[in-house]
Each structure stands twice: as C-alpha cells, then as structure tokens.
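Chemist: Data: data-v3.txt, compact mmCIF, C-alpha atoms and all ligand atoms.
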```
# COMPACT_ATOMS: atom_id res chain seq x y z
CA MET A 2 10.47 -2.61 -20.20
CA LYS A 3 8.11 -4.18 -17.79
CA THR A 4 6.93 -7.72 -17.79
CA MET A 5 4.45 -9.06 -15.32
CA LEU A 6 4.28 -12.78 -15.22
CA ARG A 7 2.37 -14.42 -12.46
CA PHE A 8 2.26 -18.15 -12.16
CA VAL A 9 0.18 -19.96 -9.64
CA PRO A 10 0.28 -23.64 -8.84
CA VAL A 11 -2.50 -25.74 -10.26
CA LEU A 12 -4.07 -26.40 -6.86
CA ALA A 13 -4.27 -22.71 -6.01
CA LEU A 14 -5.99 -22.09 -9.31
CA GLY A 15 -8.73 -24.53 -8.46
CA ALA A 16 -9.29 -22.73 -5.16
CA LEU A 17 -9.44 -19.36 -6.86
CA VAL A 18 -11.99 -20.56 -9.34
CA ALA A 19 -14.15 -21.66 -6.43
CA CYS A 20 -13.69 -18.29 -4.69
CA GLY A 21 -15.24 -16.55 -7.65
CA GLY A 22 -18.73 -17.51 -6.55
CA ALA A 23 -19.47 -20.32 -8.98
CA THR A 24 -19.78 -23.93 -7.93
CA ALA A 25 -16.52 -25.41 -6.76
CA PRO A 26 -14.71 -27.51 -9.32
CA GLY A 27 -15.47 -31.19 -9.00
CA PRO A 28 -12.95 -33.87 -8.09
CA ALA A 29 -9.49 -33.11 -9.43
CA THR A 30 -10.08 -32.43 -13.07
CA THR A 31 -6.85 -32.25 -15.01
CA ARG A 32 -6.13 -28.65 -15.84
CA PRO A 33 -4.77 -28.05 -19.31
CA GLU A 34 -1.15 -27.03 -19.58
CA ALA A 35 -1.03 -23.45 -18.36
CA ALA A 36 1.08 -22.69 -21.38
CA ASP A 37 -1.77 -23.76 -23.67
CA ALA A 38 -4.07 -21.02 -22.45
CA GLN A 39 -1.37 -18.43 -22.90
CA ALA A 40 -0.53 -19.68 -26.37
CA ARG A 41 -4.21 -19.52 -27.32
CA ALA A 42 -4.53 -15.97 -26.03
CA GLN A 43 -1.41 -14.91 -27.88
CA ALA A 44 -2.47 -16.55 -31.13
CA ALA A 45 -5.88 -14.89 -30.95
CA LEU A 46 -4.36 -11.46 -30.28
CA LYS A 47 -1.91 -11.85 -33.13
CA ASP A 48 -4.73 -12.80 -35.46
CA PHE A 49 -6.85 -9.86 -34.30
CA GLY A 50 -3.99 -7.37 -34.70
CA ASP A 51 -2.96 -8.74 -38.10
CA ARG A 52 -6.50 -8.65 -39.47
CA LEU A 53 -7.23 -5.16 -38.20
CA ARG A 54 -4.05 -3.91 -39.74
CA THR A 55 -4.45 -5.66 -43.10
CA GLU A 56 -8.11 -4.79 -43.52
CA LEU A 57 -7.57 -1.17 -42.46
CA ARG A 58 -4.72 -0.80 -44.92
CA GLU A 59 -6.85 -2.28 -47.69
CA ALA A 60 -9.77 -0.01 -46.86
CA MET A 61 -7.54 3.07 -46.93
CA THR A 62 -6.03 2.12 -50.27
CA ARG A 63 -9.41 1.33 -51.77
CA ASN A 64 -11.52 4.22 -50.56
CA GLY A 65 -9.23 6.74 -48.86
CA ALA A 66 -8.73 7.65 -45.24
CA PRO A 67 -12.06 9.37 -44.52
CA ALA A 68 -13.94 6.26 -45.63
CA ALA A 69 -11.54 4.18 -43.53
CA VAL A 70 -13.00 5.88 -40.45
CA ASP A 71 -16.35 4.36 -41.37
CA PHE A 72 -14.53 1.10 -41.92
CA CYS A 73 -13.03 1.13 -38.42
CA HIS A 74 -16.38 2.04 -36.96
CA VAL A 75 -18.13 -0.97 -38.48
CA GLN A 76 -15.37 -3.50 -39.07
CA ALA A 77 -13.20 -3.29 -35.94
CA PRO A 78 -15.98 -4.74 -33.75
CA ARG A 79 -16.88 -7.27 -36.48
CA ILE A 80 -13.29 -8.49 -36.76
CA ALA A 81 -13.16 -8.87 -32.98
CA GLU A 82 -16.35 -10.98 -33.07
CA GLN A 83 -14.94 -13.21 -35.79
CA VAL A 84 -11.61 -13.78 -34.08
CA MET A 85 -13.37 -14.51 -30.77
CA ALA A 86 -15.56 -17.12 -32.43
CA GLU A 87 -12.64 -18.75 -34.20
CA HIS A 88 -10.30 -18.90 -31.20
CA GLY A 89 -12.85 -19.41 -28.44
CA VAL A 90 -11.51 -16.51 -26.37
CA ARG A 91 -12.88 -13.08 -25.52
CA LEU A 92 -10.77 -10.18 -26.72
CA GLY A 93 -10.81 -6.52 -27.52
CA ARG A 94 -9.02 -3.19 -27.44
CA VAL A 95 -9.21 -0.45 -24.86
CA ALA A 96 -7.75 3.05 -24.78
CA VAL A 97 -5.40 4.46 -22.16
CA PRO A 98 -7.53 6.16 -19.50
CA GLY A 99 -9.31 9.28 -20.72
CA ARG A 100 -8.26 8.81 -24.36
CA ASN A 101 -10.92 6.63 -25.90
CA ARG A 102 -12.71 7.09 -29.20
CA ASN A 103 -15.46 4.48 -28.87
CA PRO A 104 -17.12 4.73 -25.41
CA GLY A 105 -17.24 0.93 -25.46
CA ASN A 106 -13.43 0.86 -25.38
CA VAL A 107 -12.93 2.47 -21.96
CA ALA A 108 -10.54 0.42 -19.81
CA GLU A 109 -12.29 -0.83 -16.70
CA GLY A 110 -11.35 -3.09 -13.79
CA TRP A 111 -8.24 -5.16 -14.46
CA LEU A 112 -7.67 -3.37 -17.78
CA GLN A 113 -7.84 0.02 -16.14
CA GLU A 114 -5.23 -1.06 -13.57
CA LEU A 115 -2.97 -2.42 -16.27
CA ALA A 116 -3.40 0.66 -18.46
CA VAL A 117 -2.20 2.81 -15.58
CA SER A 118 0.83 0.62 -14.88
CA PHE A 119 1.70 0.27 -18.60
CA GLN A 120 1.47 4.05 -18.96
CA ALA A 121 3.77 4.54 -15.97
CA ALA A 122 6.29 2.13 -17.51
CA VAL A 123 6.15 3.93 -20.87
CA ASP A 124 6.51 7.31 -19.14
CA THR A 125 9.76 6.09 -17.65
CA GLY A 126 11.18 4.90 -20.97
CA GLY A 127 9.51 1.53 -21.63
CA ALA A 128 8.39 0.59 -25.13
CA PRO A 129 4.58 0.43 -25.46
CA GLU A 130 4.62 -2.82 -27.39
CA ALA A 131 6.90 -4.43 -24.78
CA GLN A 132 4.30 -4.03 -22.03
CA MET A 133 2.63 -7.33 -21.36
CA ALA A 134 0.77 -8.95 -18.51
CA VAL A 135 -0.31 -12.53 -18.03
CA ILE A 136 -2.73 -12.98 -15.17
CA ARG A 137 -3.64 -16.35 -13.72
CA GLU A 138 -4.68 -15.42 -10.23
CA ASP A 139 -7.46 -13.09 -9.14
CA VAL A 140 -9.41 -14.03 -12.24
CA PRO A 141 -13.18 -14.52 -12.10
CA ALA A 142 -14.78 -17.94 -12.02
CA GLY A 143 -14.81 -19.50 -15.45
CA VAL A 144 -11.68 -17.67 -16.59
CA GLU A 145 -8.41 -19.53 -17.02
CA LEU A 146 -6.13 -16.68 -17.96
CA ARG A 147 -6.05 -13.04 -18.95
CA LEU A 148 -3.44 -11.49 -21.16
CA ALA A 149 -2.90 -7.90 -22.26
CA ARG A 150 -0.32 -6.09 -24.34
CA GLY A 151 0.47 -2.45 -24.98
CA ILE A 152 -0.35 -0.87 -28.36
CA ARG A 153 2.16 1.55 -29.83
CA VAL A 154 1.19 4.59 -31.86
CA GLU A 155 2.87 4.34 -35.25
CA ALA A 156 3.22 6.95 -37.97
CA ALA A 157 0.32 5.41 -39.89
CA CYS A 158 -2.03 5.96 -36.94
CA LEU A 159 -1.50 9.69 -36.75
CA MET A 160 -3.88 10.70 -39.51
CA CYS A 161 -6.72 9.52 -37.28
CA HIS A 162 -5.17 9.74 -33.80
CA GLY A 163 -2.54 12.49 -34.11
CA ASP A 164 -2.57 16.26 -33.79
CA ASN A 165 -3.36 17.42 -37.30
CA ILE A 166 -6.40 15.53 -38.47
CA ALA A 167 -7.52 16.44 -41.99
CA PRO A 168 -10.94 18.14 -41.96
CA GLU A 169 -12.69 15.40 -43.91
CA ILE A 170 -11.35 12.76 -41.52
CA ALA A 171 -12.22 14.87 -38.48
CA ALA A 172 -15.77 15.25 -39.81
CA ARG A 173 -16.24 11.48 -40.12
CA ILE A 174 -14.82 10.95 -36.65
CA ALA A 175 -17.12 13.58 -35.16
CA GLU A 176 -20.10 12.00 -36.90
CA HIS A 177 -19.56 8.57 -35.32
CA TYR A 178 -17.84 9.63 -32.11
CA PRO A 179 -19.05 13.01 -30.88
CA GLN A 180 -17.21 12.45 -27.58
CA ASP A 181 -13.92 11.45 -29.27
CA ARG A 182 -10.88 11.73 -27.00
CA ALA A 183 -8.45 9.72 -29.11
CA THR A 184 -6.51 12.44 -30.93
CA GLY A 185 -3.32 14.26 -29.97
CA PHE A 186 -1.17 11.14 -29.86
CA SER A 187 2.45 11.08 -31.07
CA GLU A 188 4.46 8.28 -32.58
CA GLY A 189 5.81 6.00 -29.85
CA ASP A 190 3.00 6.79 -27.39
CA LEU A 191 1.00 4.09 -25.66
CA ARG A 192 -2.37 4.14 -27.43
CA GLY A 193 -4.09 1.47 -25.41
CA LEU A 194 -4.19 -2.24 -24.68
CA ILE A 195 -5.16 -5.26 -26.65
CA TRP A 196 -6.49 -8.01 -24.37
CA ALA A 197 -7.72 -11.59 -24.35
CA GLU A 198 -9.47 -13.74 -21.79
CA VAL A 199 -9.34 -17.52 -22.08
CA PRO A 200 -12.25 -19.41 -20.53
CA ALA A 201 -11.54 -22.23 -18.10
CA THR A 202 -11.95 -25.60 -19.71
CA THR A 203 -13.55 -27.07 -16.56
CA GLU A 204 -16.78 -25.51 -17.84
CA THR A 205 -17.10 -28.29 -20.35
CA THR A 206 -16.77 -31.07 -17.77
CA PRO A 207 -20.06 -32.02 -16.13
C1 LIG A 301 -8.67 5.68 -40.74
C2 LIG A 301 -8.62 6.17 -39.37
C3 LIG A 301 -7.84 5.36 -38.35
C4 LIG A 301 -6.54 4.97 -38.42
C5 LIG A 301 -5.53 5.17 -39.54
C6 LIG A 301 -6.26 4.32 -37.15
N1 LIG A 301 -7.38 4.32 -36.36
FE1 LIG A 301 -7.53 3.60 -34.46
N2 LIG A 301 -9.49 4.01 -34.44
C7 LIG A 301 -10.19 4.59 -35.47
C8 LIG A 301 -11.61 4.52 -35.18
C9 LIG A 301 -12.73 5.03 -36.06
C10 LIG A 301 -11.73 3.85 -33.93
C11 LIG A 301 -12.99 3.46 -33.19
C12 LIG A 301 -13.29 1.99 -33.56
C13 LIG A 301 -14.49 1.42 -32.83
O1 LIG A 301 -15.55 2.04 -32.86
O2 LIG A 301 -14.33 0.34 -32.24
C14 LIG A 301 -10.38 3.56 -33.51
C15 LIG A 301 -10.09 2.93 -32.31
C16 LIG A 301 -8.84 2.55 -31.91
C17 LIG A 301 -8.54 1.88 -30.67
C18 LIG A 301 -9.55 1.41 -29.62
C19 LIG A 301 -9.64 2.35 -28.46
C20 LIG A 301 -10.57 3.53 -28.69
O3 LIG A 301 -10.11 4.65 -28.43
O4 LIG A 301 -11.74 3.33 -29.11
C21 LIG A 301 -7.20 1.67 -30.65
C22 LIG A 301 -6.41 1.00 -29.54
C23 LIG A 301 -6.67 2.21 -31.88
N3 LIG A 301 -7.69 2.75 -32.63
C24 LIG A 301 -5.34 2.16 -32.24
C25 LIG A 301 -4.86 2.51 -33.51
C26 LIG A 301 -3.50 2.30 -33.93
C27 LIG A 301 -2.40 1.72 -33.06
C28 LIG A 301 -3.42 2.73 -35.22
C29 LIG A 301 -2.22 2.67 -36.15
C30 LIG A 301 -1.59 1.37 -36.29
C31 LIG A 301 -4.74 3.22 -35.59
N4 LIG A 301 -5.58 3.07 -34.53
C32 LIG A 301 -5.04 3.77 -36.83
C33 LIG A 301 -9.65 5.16 -36.61
C34 LIG A 301 -8.36 4.95 -37.06
```
Do you think you could lay out the structure here as structure tokens?
Modeler:
Amino acid sequence: MKTMLRFVPVLALGALVACGGATAPGPATTRPEAADAQARAQAALKDFGDRLRTELREAMTRNGAPAAVDFCHVQAPRIAEQVMAEHGVRLGRVAVPGRNRNPGNVAEGWLQELAVSFQAAVDTGGAPEAQMAVIREDVPAGVELRLARGIRVEAACLMCHGDNIAPEIAARIAEHYPQDRATGFSEGDLRGLIWAEVPATTETTP
C-alpha cells in the first residue's frame, strides 16, 4: 500500500501558482481550506465512479454486453462531462501505460508518472484501489490540487478487458477502437487511474 500525501504551506502555494507563468496572485487572498479542495475532488471522483458503474450495469442488463460496449463508447465521456460540470472540477480516467482502449485515455505528464509508480506498488503487493496521490505542489497555474486513485480490475470487467472476450463483444470493440490495447487483464490488476483536478479559487477574485 502506498500513499503519497504532499502538503505545502499556504504561502508556498501562492509562490508556486505565480511560478506557473500566469500573473502573480494579488495581495494575500485567503486560500480556501486545503481540505476543501481534496474533499471536492474526492466527491467528484466518487460520483463519477458510481455513475459509470450504475449506468454500465443497467446498460448490460437492458441490452446485453455487446451493446454495452457502444454504451461505454458514448456514455463514459458524457458522464465525465456531466460530473465535471456539476462539481466544477476536471476529471477523467486513464489506462496504465501501453494498455489503453480509447487513445484519448493515454496517461501523460503527471498521470503517466503516477501510473508508473502505482504499477510498481501493485507489482510489489499493493492493492490497486489503495493507490492514491494528492498533489498540491508542482501544479500548473490555476490549479489548486490534483488527486488520482488506482482502479482495480474486478471480475465484472473481464468480459471486456480480460483474456477471453466473446466474439460479438470483440467485434464491437474492434469497430470503435481498432488500436485497442485494453484486454488481457486479470482480476486484481491495476487497470488505470481515475483523476481529478480542482481549479484554484483565486481565479474568481479580480
Ligand atoms: C461492456 C464492456 C466493458 C466493461 C464490462 C468494462 N469496460 Fe472498461 N471500457 C470499455 C470501453 C468501450 C472503454 C472505452 C471508453 C471510452 O471510449 O472512453 C473502456 C475504458 C475503460 C477505461 C479507460 C481507459 C482506457 O483504456 O480507455 C478504464 C480505466 C476502464 N475501462 C476500466 C474498467 C473497469 C475497472 C471495469 C469493471 C469494473 C470495466 N472497465 C468494465 C468497455 C468495458
């Protein structure tokens, strides 16, 4: 189990925001409780995960697994958009390096670094879902906090991400994702990361 928690004093945060290239923050604006940003990120991620799960399950029950591939293709990005709008944070999912289905879900930058370190932790016995990082320093201007968590492969994921994909499911996957690299997973593997980025509230102060 690996937990990375990095806290920086409020003053250092202000300096880092300025280092990002944007205009320096004005005279001592009160920063929100650091815990607030983290709570917001966590609430948004929980909402995102819950909705994906519930809606996927419903789609599979209603129309069967092959149709659920189409569902994921269209609805996963839509659910992300909705949750982002409701919580006022950016969020998404990325695959572990080299194992993505949607080319838009390749881990880059900070997410790529985290994916590598989460994978190393899981390789040495850590639980995928226990991997979490909260980043408050080295964040770009306009960002208050970044948070990411590991995603565990469960039994229910295997029909679309495992070794033996039914032909009709494989056909739907190939149709939408000709470059698919997200099969061959086993239960308990690290599938990827779910992440959120909370914007700095100083943006709203003139
Ligand atoms: C019905 C088929 C299906 C099932 C079941 C399924 N997925 Fe997926 N998964 C997909 C499709 C299709 C995409 C691509 C979605 C997109 O275009 O954003 C995807 C994408 C992902 C991604 C984003 C990274 C990437 O490679 O694009 C993650 C993470 C993921 N799935 C995890 C899971 C987990 C964890 C489970 C089980 C709890 C699961 N999936 C179950 C079809 C499925």
Chemist: Let me have all residues with an atom within 8 Å of ligand LIG 301 (chain A), counting all atoms listed in the file, laid out as a ChimeraX atom specification.
Modeler: /A:54,57,61,66-78,94-97,100-107,152-162,170,174,177-178,181-183,192-195
Chemist: Using only C-alpha atoms, which of A:Val117, A:Pro129, A:Pro200, A:Leu146 sits nearest Glu188 in chain A?
Modeler: A:Pro129
Chemist: Provide the CA of Gly99 in chain A to CA of Gly65 in chain A distance in Å, to one decimal place.
Modeler: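 Going from CA of Gly99 in chain A over to CA of Gly65 in chain A, I get 28.3 Å.
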Chemist: If the box runs along x, y and z of the file and leaves 6 Å on each side of range 136-155 of chain A, what are its centre and edge lengths in Å, one decimal, as AutoDock Vina command-line options?
Modeler:
```
--center_x -6.0 --center_y -7.5 --center_z -22.2 --size_x 29.7 --size_y 36.1 --size_z 38.1
```
Chemist: Find the residue from A:Ala42, A:Pro98, A:Ala121, A:Val144 that sits nearest to Thr202 in chain A; use all atoms listed in the file when measuring.
Modeler: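 Going through A:Ala42, A:Pro98, A:Ala121, A:Val144 one by one, the smallest distance to Thr202 in chain A is for A:Val144.
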Chemist: Would you work out the distance separating CA of Val199 in chain A from CA of Arg137 in chain A, expressed in Å to one decimal?
Modeler: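 Separation between CA of Val199 in chain A and CA of Arg137 in chain A: 10.2 Å.
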Chemist: Provide the CA of Gly185 in chain A to CA of Ser118 in chain A distance in Å, to one decimal place.
Modeler: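 We find that CA of Gly185 in chain A and CA of Ser118 in chain A lie 20.8 Å from each other.
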Chemist: Scan for residues within 7 Å of the point (-8.8, -16.0, -35.3) in the coordinates of the file, using all atoms listed in the file, and reply as a compact mmCIF listing (two decimals) with C-alpha atoms, in the coordinates of the input.
Modeler:
```
# COMPACT_ATOMS: atom_id res chain seq x y z
CA ALA A 45 -5.88 -14.89 -30.95
CA ASP A 48 -4.73 -12.80 -35.46
CA PHE A 49 -6.85 -9.86 -34.30
CA GLN A 83 -14.94 -13.21 -35.79
CA VAL A 84 -11.61 -13.78 -34.08
CA MET A 85 -13.37 -14.51 -30.77
CA GLU A 87 -12.64 -18.75 -34.20
CA HIS A 88 -10.30 -18.90 -31.20
```
Chemist: Would you list the contacts of Gln39 in chain A as a list in words, taking every protein, DNA or RNA residue within 12 Å and counting all atoms listed in the file, but skipping same-chain residues closer than 6 positions in sequence?
Modeler: Leu6, Arg7, Phe8, Pro33, Ala45, Leu46, Val90, Met133, Ala134, Val135, Ile136, Arg137, Glu145, Leu146, Arg147, Leu148, Ala149, Trp196, Ala197, Glu198, Val199, Pro200 and Ala201 of chain A
Chemist: Given the point (-4.8, 14.2, -32.7) in the file's coordinates, find the residues that have an atom at most 6 Å from it, counting only C-alpha atoms, and give them as a list in words.
Modeler: His162, Gly163, Asp164, Asn165, Thr184, Gly185 and Phe186 of chain A
Chemist: Can you spit out the residues from that selection as a PDB file, in the coordinates of the input, using C-alpha atoms?
Modeler:
```pdb
ATOM      1  CA  HIS A 162      -5.170   9.740 -33.800  1.00  0.00           C
ATOM      2  CA  GLY A 163      -2.540  12.490 -34.110  1.00  0.00           C
ATOM      3  CA  ASP A 164      -2.570  16.260 -33.790  1.00  0.00           C
ATOM      4  CA  ASN A 165      -3.360  17.420 -37.300  1.00  0.00           C
ATOM      5  CA  THR A 184      -6.510  12.440 -30.930  1.00  0.00           C
ATOM      6  CA  GLY A 185      -3.320  14.260 -29.970  1.00  0.00           C
ATOM      7  CA  PHE A 186      -1.170  11.140 -29.860  1.00  0.00           C
TER       8      PHE A 186
END
```
